[in-house]
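Peer 1: The file below is start_24.cif, mmCIF, C-alpha atoms:
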data_final
#
loop_
_atom_site.label_atom_id
_atom_site.label_comp_id
_atom_site.auth_asym_id
_atom_site.auth_seq_id
_atom_site.Cartn_x
_atom_site.Cartn_y
_atom_site.Cartn_z
CA MET D 160 1.08 -13.47 -29.24
CA GLY D 161 3.10 -11.37 -31.67
CA THR D 162 6.64 -10.13 -31.21
CA LEU D 163 5.41 -6.58 -30.53
CA ASN D 164 2.98 -7.71 -27.85
CA LYS D 165 5.66 -9.82 -26.18
CA TYR D 166 8.05 -6.86 -26.23
CA ILE D 167 5.51 -4.47 -24.68
CA LEU D 168 4.36 -7.09 -22.19
CA LYS D 169 7.93 -7.71 -21.06
CA GLN D 170 8.74 -4.00 -20.78
CA VAL D 171 5.57 -3.10 -18.88
CA ALA D 172 5.72 -6.13 -16.57
CA GLY D 173 9.33 -5.41 -15.65
CA ALA D 174 8.75 -1.70 -15.03
CA ALA D 175 5.51 -2.31 -13.14
CA PHE D 176 7.11 -4.92 -10.89
CA LEU D 177 9.91 -2.54 -9.91
CA THR D 178 7.63 0.45 -9.33
CA VAL D 179 5.09 -1.60 -7.36
CA ALA D 180 7.92 -2.92 -5.19
CA LEU D 181 9.14 0.65 -4.68
CA PHE D 182 5.70 1.89 -3.59
CA VAL D 183 5.22 -1.14 -1.31
CA PHE D 184 8.53 -0.32 0.35
CA VAL D 185 7.66 3.37 0.76
CA LEU D 186 4.16 2.71 2.14
CA VAL D 187 5.31 -0.05 4.49
CA LEU D 188 8.16 2.17 5.69
CA GLY D 189 5.66 4.94 6.42
CA ASN D 190 3.44 2.58 8.42
CA VAL D 191 6.42 1.13 10.27
CA MET D 192 7.68 4.59 11.20
CA LYS D 193 4.23 5.54 12.46
CA GLU D 194 3.28 2.30 14.22
CA VAL D 195 6.18 0.28 15.60
CA VAL D 196 9.63 1.75 14.96
CA GLY D 197 9.42 3.70 18.22
CA ASP D 198 8.65 0.50 20.10
CA LEU D 199 11.63 -1.20 18.42
CA ALA D 200 13.95 1.66 19.36
CA ALA D 201 12.66 1.60 22.93
CA GLY D 202 13.43 -2.11 23.22
CA ARG D 203 9.79 -3.22 23.45
CA LEU D 204 10.02 -5.38 20.32
CA SER D 205 12.55 -8.00 19.34
CA MET D 206 13.98 -7.86 15.83
CA GLY D 207 12.22 -11.10 14.90
CA PHE D 208 8.84 -9.79 16.05
CA PHE D 209 9.50 -6.48 14.28
CA LEU D 210 10.11 -8.27 10.96
CA TYR D 211 6.95 -10.32 11.51
CA ILE D 212 4.97 -7.11 12.00
CA VAL D 213 6.49 -5.62 8.83
CA ALA D 214 5.41 -8.71 6.86
CA LEU D 215 1.86 -8.32 8.17
CA LEU D 216 1.75 -4.70 6.98
CA ILE D 217 2.53 -5.59 3.35
CA PRO D 218 -0.93 -6.94 2.30
CA GLY D 219 -2.58 -3.77 3.57
CA VAL D 220 -0.51 -1.48 1.32
CA ILE D 221 -0.65 -3.61 -1.84
CA PRO D 222 -4.11 -2.26 -2.88
CA TYR D 223 -2.56 1.23 -2.95
CA ALA D 224 0.85 0.26 -4.32
CA LEU D 225 -0.50 -1.76 -7.25
CA PRO D 226 -2.45 1.08 -8.95
CA MET D 227 0.34 3.61 -8.43
CA GLY D 228 3.03 1.14 -9.48
CA MET D 229 1.19 0.02 -12.62
CA LEU D 230 0.43 3.62 -13.53
CA THR D 231 4.06 4.69 -13.07
CA GLY D 232 5.43 1.67 -14.92
CA ILE D 233 3.22 2.27 -17.95
CA LEU D 234 4.03 5.98 -18.06
CA LEU D 235 7.72 5.13 -17.94
CA VAL D 236 7.53 2.53 -20.73
CA PHE D 237 5.22 4.38 -23.10
CA GLY D 238 6.86 7.73 -22.36
CA ARG D 239 10.25 6.28 -23.29
CA MET D 240 8.84 4.58 -26.40
CA SER D 241 7.24 7.83 -27.51
CA ALA D 242 10.36 9.91 -26.74
CA GLN D 243 12.51 7.51 -28.79
CA SER D 244 9.98 7.52 -31.69
CA GLU D 245 9.21 3.81 -31.23
CA VAL D 246 5.49 4.58 -31.21
CA VAL D 247 5.80 6.36 -34.56
CA ALA D 248 7.69 3.40 -35.99
CA ILE D 249 5.07 0.95 -34.72
CA LYS D 250 2.27 3.01 -36.30
CA ALA D 251 4.23 3.18 -39.55
CA CYS D 252 4.23 -0.64 -39.60
CA GLY D 253 0.44 -0.61 -39.57
CA ARG D 254 -0.08 -1.43 -35.88
CA SER D 255 -2.67 0.56 -33.96
CA ILE D 256 -2.63 2.02 -30.46
CA TYR D 257 -5.18 -0.63 -29.49
CA SER D 258 -2.85 -3.48 -30.39
CA MET D 259 -0.06 -1.80 -28.40
CA ALA D 260 -2.37 -1.40 -25.40
CA ALA D 261 -3.79 -4.94 -25.49
CA PRO D 262 -0.99 -6.63 -23.47
CA VAL D 263 -1.09 -3.75 -20.98
CA PHE D 264 -4.82 -4.20 -20.47
CA PHE D 265 -4.24 -7.94 -19.99
CA ILE D 266 -1.76 -7.24 -17.17
CA ALA D 267 -4.16 -4.68 -15.65
CA ILE D 268 -7.05 -7.15 -15.55
CA ILE D 269 -4.89 -9.83 -13.91
CA ALA D 270 -3.61 -7.29 -11.37
CA SER D 271 -7.18 -6.10 -10.64
CA LEU D 272 -8.38 -9.64 -9.96
CA PHE D 273 -5.36 -10.21 -7.73
CA SER D 274 -6.18 -7.00 -5.85
CA VAL D 275 -9.76 -8.18 -5.29
CA GLY D 276 -8.40 -11.20 -3.44
CA ILE D 277 -6.06 -9.00 -1.40
CA ASN D 278 -8.79 -6.47 -0.50
CA PHE D 279 -11.37 -9.04 0.56
CA ASN D 280 -9.20 -11.70 2.15
CA TYR D 281 -5.48 -11.28 2.76
CA ALA D 282 -5.44 -7.59 3.79
CA PRO D 283 -8.22 -7.90 6.44
CA ILE D 284 -6.75 -11.11 7.84
CA ALA D 285 -3.23 -9.64 7.96
CA ASP D 286 -4.51 -6.47 9.65
CA ARG D 287 -6.37 -8.47 12.28
CA THR D 288 -3.35 -10.70 12.83
CA TYR D 289 -1.17 -7.59 13.22
CA LYS D 290 -3.39 -6.09 15.91
CA SER D 291 -3.77 -9.45 17.62
CA ALA D 292 0.02 -9.89 17.66
CA LEU D 293 0.49 -6.52 19.36
CA LYS D 294 -2.19 -7.39 21.91
CA ASN D 295 -0.55 -10.72 22.67
CA LEU D 296 2.80 -8.98 23.09
CA ILE D 297 1.34 -6.64 25.70
CA ARG D 298 -0.80 -9.35 27.28
CA ASN D 299 2.19 -11.62 27.82
CA ASN D 300 4.46 -8.92 29.21
CA PRO D 301 2.68 -5.60 29.90
CA LEU D 302 5.63 -4.38 31.95
CA GLN D 303 7.78 -3.96 28.84
CA PHE D 304 5.33 -1.42 27.47
CA ILE D 305 6.53 1.22 29.94
CA GLN D 306 10.28 1.63 29.78
CA PRO D 307 11.96 3.12 32.88
CA GLY D 308 13.54 6.51 32.31
CA SER D 309 11.25 7.41 29.38
CA PHE D 310 8.18 9.62 29.21
CA ILE D 311 5.35 7.49 27.79
CA LYS D 312 2.80 9.49 25.79
CA ASP D 313 1.13 6.63 23.92
CA PHE D 314 -2.06 6.72 25.99
CA PRO D 315 -4.29 9.70 25.13
CA GLY D 316 -4.84 11.88 28.17
CA TYR D 317 -1.83 10.64 30.15
CA VAL D 318 1.93 11.11 30.44
CA ILE D 319 3.65 8.30 32.37
CA TYR D 320 7.15 8.08 33.80
CA ALA D 321 8.96 5.53 35.98
CA ASN D 322 12.46 5.81 37.44
CA GLY D 323 13.29 2.11 37.44
CA GLU D 324 12.21 -1.52 37.66
CA GLU D 325 12.53 -3.90 40.59
CA ASN D 326 11.07 -7.41 41.06
CA LYS D 327 8.66 -7.00 38.13
CA GLU D 328 7.42 -3.70 39.55
CA LEU D 329 8.10 -0.17 38.37
CA THR D 330 9.46 2.23 40.97
CA GLY D 331 9.42 6.00 41.33
CA PHE D 332 6.18 6.42 39.39
CA ARG D 333 4.91 9.76 38.05
CA ILE D 334 1.76 10.08 36.01
CA TRP D 335 0.10 13.25 34.75
CA GLU D 336 -3.52 13.33 33.66
CA LEU D 337 -4.18 15.86 30.88
CA ASP D 338 -7.30 17.90 30.26
CA PRO D 339 -8.82 18.27 26.73
CA GLN D 340 -6.43 21.18 26.06
CA GLY D 341 -3.41 18.98 26.83
CA ARG D 342 -2.65 20.66 30.18
CA ALA D 343 -1.61 18.57 33.19
CA HIS D 344 -4.41 19.07 35.72
CA VAL D 345 -3.72 16.01 37.91
CA SER D 346 -0.28 14.90 39.11
CA ILE D 347 0.17 11.50 40.76
CA ARG D 348 3.24 10.15 42.53
CA ALA D 349 3.70 6.57 43.72
CA ASP D 350 6.53 4.53 45.19
CA ARG D 351 5.68 1.43 43.12
CA GLY D 352 3.47 0.40 40.24
CA VAL D 353 2.28 -2.92 38.83
CA LEU D 354 0.99 -3.45 35.30
CA ASP D 355 -1.46 -6.14 34.22
CA TYR D 356 -3.66 -6.82 31.21
CA ASN D 357 -7.44 -7.31 31.43
CA ASP D 358 -8.48 -9.46 28.49
CA GLU D 359 -12.22 -8.95 29.02
CA THR D 360 -12.09 -5.16 28.90
CA ASP D 361 -9.00 -4.94 26.64
CA GLU D 362 -7.22 -2.63 29.07
CA ILE D 363 -3.83 -2.28 30.67
CA VAL D 364 -4.46 -2.04 34.41
CA LEU D 365 -1.94 0.12 36.28
CA THR D 366 -2.02 -0.38 40.06
CA LEU D 367 -0.13 2.33 41.97
CA LYS D 368 0.90 1.76 45.58
CA SER D 369 1.81 4.20 48.38
CA GLY D 370 1.41 7.53 46.70
CA SER D 371 -0.30 10.90 46.51
CA ALA D 372 -2.32 12.89 44.00
CA GLU D 373 -2.60 16.63 43.42
CA LYS D 374 -5.19 18.43 41.32
CA ALA D 375 -4.87 21.88 39.80
CA ARG D 376 -7.37 24.54 40.88
CA ASP D 377 -10.27 25.20 38.53
CA ASP D 378 -9.49 28.92 38.59
CA ASP D 379 -5.85 28.30 37.60
CA PRO D 380 -5.80 25.05 35.53
CA GLU D 381 -2.32 25.64 34.11
CA ASN D 382 -0.60 25.92 37.48
CA LEU D 383 0.15 22.75 39.45
CA ARG D 384 2.50 24.64 41.76
CA THR D 385 -0.44 25.79 43.92
CA PRO D 386 -2.72 22.75 43.74
CA LEU D 387 -5.65 21.69 45.87
CA PRO D 388 -4.72 19.79 49.07
CA THR D 389 -2.81 16.58 48.43
CA ALA D 390 -4.77 13.31 48.57
CA ARG D 391 -2.80 10.26 49.76
CA PHE D 392 -3.59 6.65 48.90
CA ASP D 393 -2.35 3.16 49.67
CA GLU D 394 -3.50 1.79 46.32
CA LEU D 395 -4.87 3.44 43.19
CA VAL D 396 -6.01 1.65 40.02
CA ILE D 397 -5.81 3.39 36.64
CA LYS D 398 -7.21 1.68 33.53
CA LEU D 399 -5.55 2.47 30.18
CA PRO D 400 -7.64 1.36 27.16
CA LEU D 401 -5.46 -0.59 24.77
CA ASN D 402 -7.61 0.12 21.72
CA GLU D 403 -6.68 3.80 21.90
CA ILE D 404 -3.06 3.06 21.00
CA ILE D 405 -3.34 0.17 18.54
CA GLY D 406 -6.79 0.79 17.08
CA GLY D 407 -8.13 -2.29 18.81
CA MET D 408 -10.79 -4.68 17.66
CA ASP D 409 -14.06 -5.27 19.41
CA LYS D 410 -14.42 -9.05 19.60
CA ASN D 411 -18.11 -8.95 18.69
CA ASN D 412 -18.12 -5.94 16.41
CA THR D 413 -15.10 -6.01 14.14
CA ARG D 414 -14.61 -2.84 12.12
CA LEU D 415 -15.84 -3.09 8.55
CA LYS D 416 -12.47 -2.66 6.86
CA LEU D 417 -11.15 -5.63 8.85
CA MET D 418 -13.88 -7.93 7.52
CA THR D 419 -13.44 -10.51 4.78
CA PHE D 420 -15.88 -10.79 1.87
CA SER D 421 -18.06 -13.44 3.55
CA GLU D 422 -18.18 -11.41 6.77
CA LEU D 423 -19.17 -8.26 4.88
CA MET D 424 -21.96 -10.08 3.06
CA ALA D 425 -23.28 -11.38 6.38
CA ALA D 426 -22.96 -7.90 7.91
CA ARG D 427 -25.38 -6.41 5.38
CA THR D 428 -28.24 -7.59 7.59
CA SER D 429 -26.52 -7.89 10.97
CA TRP D 430 -24.24 -4.82 11.19
CA HIS D 431 -25.45 -2.54 14.01
CA PRO D 432 -22.67 -0.42 15.60
CA ARG D 433 -25.00 0.38 18.51
CA PRO D 434 -27.42 -1.49 20.80
CA ILE D 435 -30.12 -3.12 18.68
CA GLU D 436 -32.90 -1.51 20.70
CA GLU D 437 -31.59 1.94 19.68
CA THR D 438 -31.65 1.11 15.96
CA THR D 439 -34.43 2.82 13.99
CA PRO D 440 -35.37 1.96 10.36
CA GLU D 441 -33.45 5.05 9.24
CA LEU D 442 -30.35 4.02 11.16
CA ALA D 443 -30.69 0.44 9.90
CA PHE D 444 -30.67 1.72 6.31
CA ARG D 445 -27.61 3.85 7.08
CA ASP D 446 -25.85 0.83 8.61
CA LYS D 447 -26.59 -1.24 5.51
CA ILE D 448 -25.21 1.51 3.26
CA GLU D 449 -22.02 1.65 5.35
CA VAL D 450 -21.48 -2.05 4.74
CA GLN D 451 -22.23 -1.73 1.05
CA ILE D 452 -19.83 1.22 0.76
CA GLN D 453 -17.05 -0.97 2.15
CA ILE D 454 -17.90 -3.81 -0.25
CA GLN D 455 -18.10 -1.54 -3.29
CA LYS D 456 -15.02 0.40 -2.20
CA ASN D 457 -12.96 -2.81 -2.05
CA PHE D 458 -14.08 -3.72 -5.58
CA ALA D 459 -13.62 -0.17 -6.90
CA MET D 460 -10.13 0.13 -5.44
CA ALA D 461 -9.15 -3.17 -7.03
CA PHE D 462 -10.40 -2.16 -10.47
CA SER D 463 -8.82 1.28 -10.12
CA ILE D 464 -5.75 -0.50 -11.53
CA PHE D 465 -7.52 -1.03 -14.85
CA SER D 466 -8.98 2.50 -14.78
CA MET D 467 -5.57 4.09 -14.24
CA VAL D 468 -3.99 1.92 -16.93
CA VAL D 469 -6.59 3.03 -19.47
CA LEU D 470 -5.62 6.62 -18.72
CA ALA D 471 -1.88 5.95 -18.45
CA VAL D 472 -1.44 4.53 -21.97
CA PRO D 473 -2.44 7.67 -23.93
CA LEU D 474 -0.83 9.98 -21.37
CA GLY D 475 2.46 8.09 -21.64
CA ILE D 476 2.38 8.38 -25.42
CA LYS D 477 1.36 12.03 -25.39
CA ALA D 478 3.81 13.10 -22.68
CA SER D 479 6.76 11.79 -24.70
CA ARG D 480 8.99 11.81 -21.63
CA SER D 481 11.75 9.41 -20.78
CA GLU D 482 12.58 11.20 -17.50
CA THR D 483 11.75 9.02 -14.52
CA PHE D 484 10.92 11.82 -12.10
CA ALA D 485 8.51 13.53 -14.49
CA ASN D 486 6.57 10.31 -15.06
CA VAL D 487 6.49 9.51 -11.35
CA ALA D 488 5.14 13.01 -10.68
CA ILE D 489 2.38 12.51 -13.25
CA ALA D 490 1.51 9.12 -11.75
CA LEU D 491 1.36 10.50 -8.21
CA ALA D 492 -0.83 13.41 -9.31
CA LEU D 493 -3.30 11.06 -11.01
CA ALA D 494 -3.32 8.62 -8.10
CA MET D 495 -3.84 11.39 -5.54
CA THR D 496 -6.72 12.76 -7.65
CA TYR D 497 -8.35 9.33 -7.68
CA TYR D 498 -7.94 8.73 -3.95
CA MET D 499 -9.16 12.23 -3.10
CA MET D 500 -12.34 11.56 -5.09
CA ILE D 501 -12.80 8.30 -3.18
CA VAL D 502 -12.38 10.12 0.16
CA VAL D 503 -14.88 12.85 -0.78
CA ILE D 504 -17.48 10.28 -1.84
CA SER D 505 -16.89 8.29 1.36
CA TRP D 506 -17.91 11.37 3.35
CA LEU D 507 -21.40 10.95 1.90
CA GLU D 508 -22.00 7.89 4.08
CA LYS D 509 -23.66 10.34 6.49
CA TYR D 510 -26.25 10.89 3.75
CA PRO D 511 -27.16 7.33 2.74
CA HIS D 512 -30.00 8.36 0.43
CA THR D 513 -27.43 9.82 -1.98
CA ARG D 514 -26.28 6.18 -2.47
CA PRO D 515 -22.55 6.68 -1.92
CA ASP D 516 -22.14 2.91 -2.33
CA LEU D 517 -22.84 3.44 -6.04
CA LEU D 518 -21.12 6.81 -6.36
CA ILE D 519 -17.89 5.16 -5.18
CA TRP D 520 -17.51 3.88 -8.76
CA LEU D 521 -17.58 7.43 -10.19
CA PRO D 522 -13.76 7.93 -10.17
CA ASN D 523 -13.32 4.68 -12.12
CA ILE D 524 -15.92 5.73 -14.66
CA ILE D 525 -14.33 9.18 -15.09
CA PHE D 526 -10.84 7.73 -15.53
CA GLN D 527 -11.98 5.08 -18.00
CA ILE D 528 -14.04 7.49 -20.12
CA THR D 529 -11.22 10.05 -20.16
CA GLY D 530 -8.66 7.36 -21.03
CA SER D 531 -10.86 5.90 -23.78
CA ILE D 532 -11.30 9.33 -25.37
CA LEU D 533 -7.55 9.98 -25.26
CA ILE D 534 -6.76 6.56 -26.73
CA TYR D 535 -9.25 7.20 -29.55
CA ARG D 536 -7.64 10.57 -30.30
CA SER D 537 -4.17 9.07 -30.21
CA SER D 538 -5.21 6.40 -32.68
CA LYS D 539 -6.40 9.09 -35.10
CA ASN D 540 -3.22 11.16 -34.96
#
Please express what this file holds, its structure, as structure tokens.

Peer 2:
Amino acid sequence: MGTLNKYILKQVAGAAFLTVALFVFVLVLGNVMKEVVGDLAAGRLSMGFFLYIVALLIPGVIPYALPMGMLTGILLVFGRMSAQSEVVAIKACGRSIYSMAAPVFFIAIIASLFSVGINFNYAPIADRTYKSALKNLIRNNPLQFIQPGSFIKDFPGYVIYANGEENKELTGFRIWELDPQGRAHVSIRADRGVLDYNDETDEIVLTLKSGSAEKARDDDPENLRTPLPTARFDELVIKLPLNEIIGGMDKNNTRLKLMTFSELMAARTSWHPRPIEETTPELAFRDKIEVQIQIQKNFAMAFSIFSMVVLAVPLGIKASRSETFANVAIALALAMTYYMMIVVISWLEKYPHTRPDLLIWLPNIIFQITGSILIYRSSKN
């Protein structure tokens, strides 16, 4: 490997490593803020468990951070080289754009193969482990999930409040059941409440003792001040589905994006997200296409790194910018364009005969053709 290739390889590898690390941090931070930081602040999670959860989130964001990081790193390096006339000097020495791009393409291919392994193995396993860890946390101590003195709105359709805790029971319970418009149409009071976890149904079971319930009138659903007559009870059981707050996993029907490569291949003939007796030939074909979309999407997302690199090299040279923010903005715009195309094509899974499992490669093809044309033009200038 020549001195020039070593120089470019070193520059691109260093910049890509830093930008990938930056995007991993930003994406993990976003997931942490959305998923578990509230639980940490409320005292439901220990710091050690919180860090464990953060580590499990990293594999899931790498497939997105790698393309954006590589794209940004290359734009930064080639934009700086072009702005400082290094590209002109290299051309004057008889070296072509293709020889400059060769080490970059080498890094992109290695990164794409690495991403394939992440998409099909480490990311699904880490995601499943993450959800399993949260389940185990609640299973082992469901009482910590409802903190006294706080309004709990994690369960869709309910608002829960408890005054205090005594002998592993919550006291002074209030729970409001919401209608589809988010209005409280049932108000329940109870002296005590006990929480348990049902492993078979994947539910938190809330048993209220010595209380009363009031329901709003149908003709005045927003007013609980003049409810229907109060109903009293000695014991009332309310079941709160756990999968509605942590995106749970059905033990026998794991979601496609949580499957490894071998599981996806097996699912091509066995995936039926409904009772088998309700599956028609048309639905069976649609199910098969859904599985194939996930398989092809995992591959396409991995090789999006190479596609974006092909486009980034000529854009970096042409942009002639050494400003970091400008190059990051260009990278984000290109990445968002790619991901938006993937999302739009994924919507076609409702129309399996359009073969969205093949169309999912269209963004890669467009980026590679566009990048190849720009590289060819740059080599002629």

Peer 1: Taking the file above as input, evaluate the PyMOL selection byres ((chain D and resi 533) around 10) and report the hits as a tab-separated table (two decimals) with C-alpha atoms, in the frame of the given file.

Peer 2:
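Output file out.tsv follows:
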chain	number	residue	atom	x	y	z
D	469	VAL	CA	-6.59	3.03	-19.47
D	470	LEU	CA	-5.62	6.62	-18.72
D	471	ALA	CA	-1.88	5.95	-18.45
D	472	VAL	CA	-1.44	4.53	-21.97
D	473	PRO	CA	-2.44	7.67	-23.93
D	474	LEU	CA	-0.83	9.98	-21.37
D	477	LYS	CA	1.36	12.03	-25.39
D	527	GLN	CA	-11.98	5.08	-18.00
D	528	ILE	CA	-14.04	7.49	-20.12
D	529	THR	CA	-11.22	10.05	-20.16
D	530	GLY	CA	-8.66	7.36	-21.03
D	531	SER	CA	-10.86	5.90	-23.78
D	532	ILE	CA	-11.30	9.33	-25.37
D	534	ILE	CA	-6.76	6.56	-26.73
D	535	TYR	CA	-9.25	7.20	-29.55
D	536	ARG	CA	-7.64	10.57	-30.30
D	537	SER	CA	-4.17	9.07	-30.21
D	538	SER	CA	-5.21	6.40	-32.68
D	539	LYS	CA	-6.40	9.09	-35.10

Peer 1: Sorted by chain and rising residue number, list the residues of region 406-497 of chain D at most 6 Å from region 273-285 of chain D (counting only C-alpha atoms), each with its closest atom pair and distance in Å to one decimal, as JSON lines.

Peer 2:
{"residue": "D:Leu417", "atom": "CA", "partner": "D:Pro283", "partner_atom": "CA", "distance": 4.4}
{"residue": "D:Met418", "atom": "CA", "partner": "D:Pro283", "partner_atom": "CA", "distance": 5.8}
{"residue": "D:Thr419", "atom": "CA", "partner": "D:Phe279", "partner_atom": "CA", "distance": 4.9}
{"residue": "D:Phe420", "atom": "CA", "partner": "D:Phe279", "partner_atom": "CA", "distance": 5.0}
{"residue": "D:Asn457", "atom": "CA", "partner": "D:Asn278", "partner_atom": "CA", "distance": 5.8}
{"residue": "D:Ala461", "atom": "CA", "partner": "D:Ser274", "partner_atom": "CA", "distance": 5.0}

Peer 1: Which residues would end up in the selection if the PyMOL selection byres ((chain D and resi 178) around 12) were applied here, given that I need the answer as a PyMOL selection string?

Peer 2: chain D and resi 171-177+179-185+221+224-236+483+486-487+490-491

Peer 1: Here is a test: counting only C-alpha atoms, which residue of D:Met240, D:Ala488, D:Met500, D:Val345 is nearest to Met460 (chain D)?

Peer 2: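 Of all the options, D:Met500 lies closest to Met460 (chain D).
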
Peer 1: What is the CA of Val396 (chain D)-CA of Ser291 (chain D) distance in Å, reported with one decimal?

Peer 2: 25.1 Å
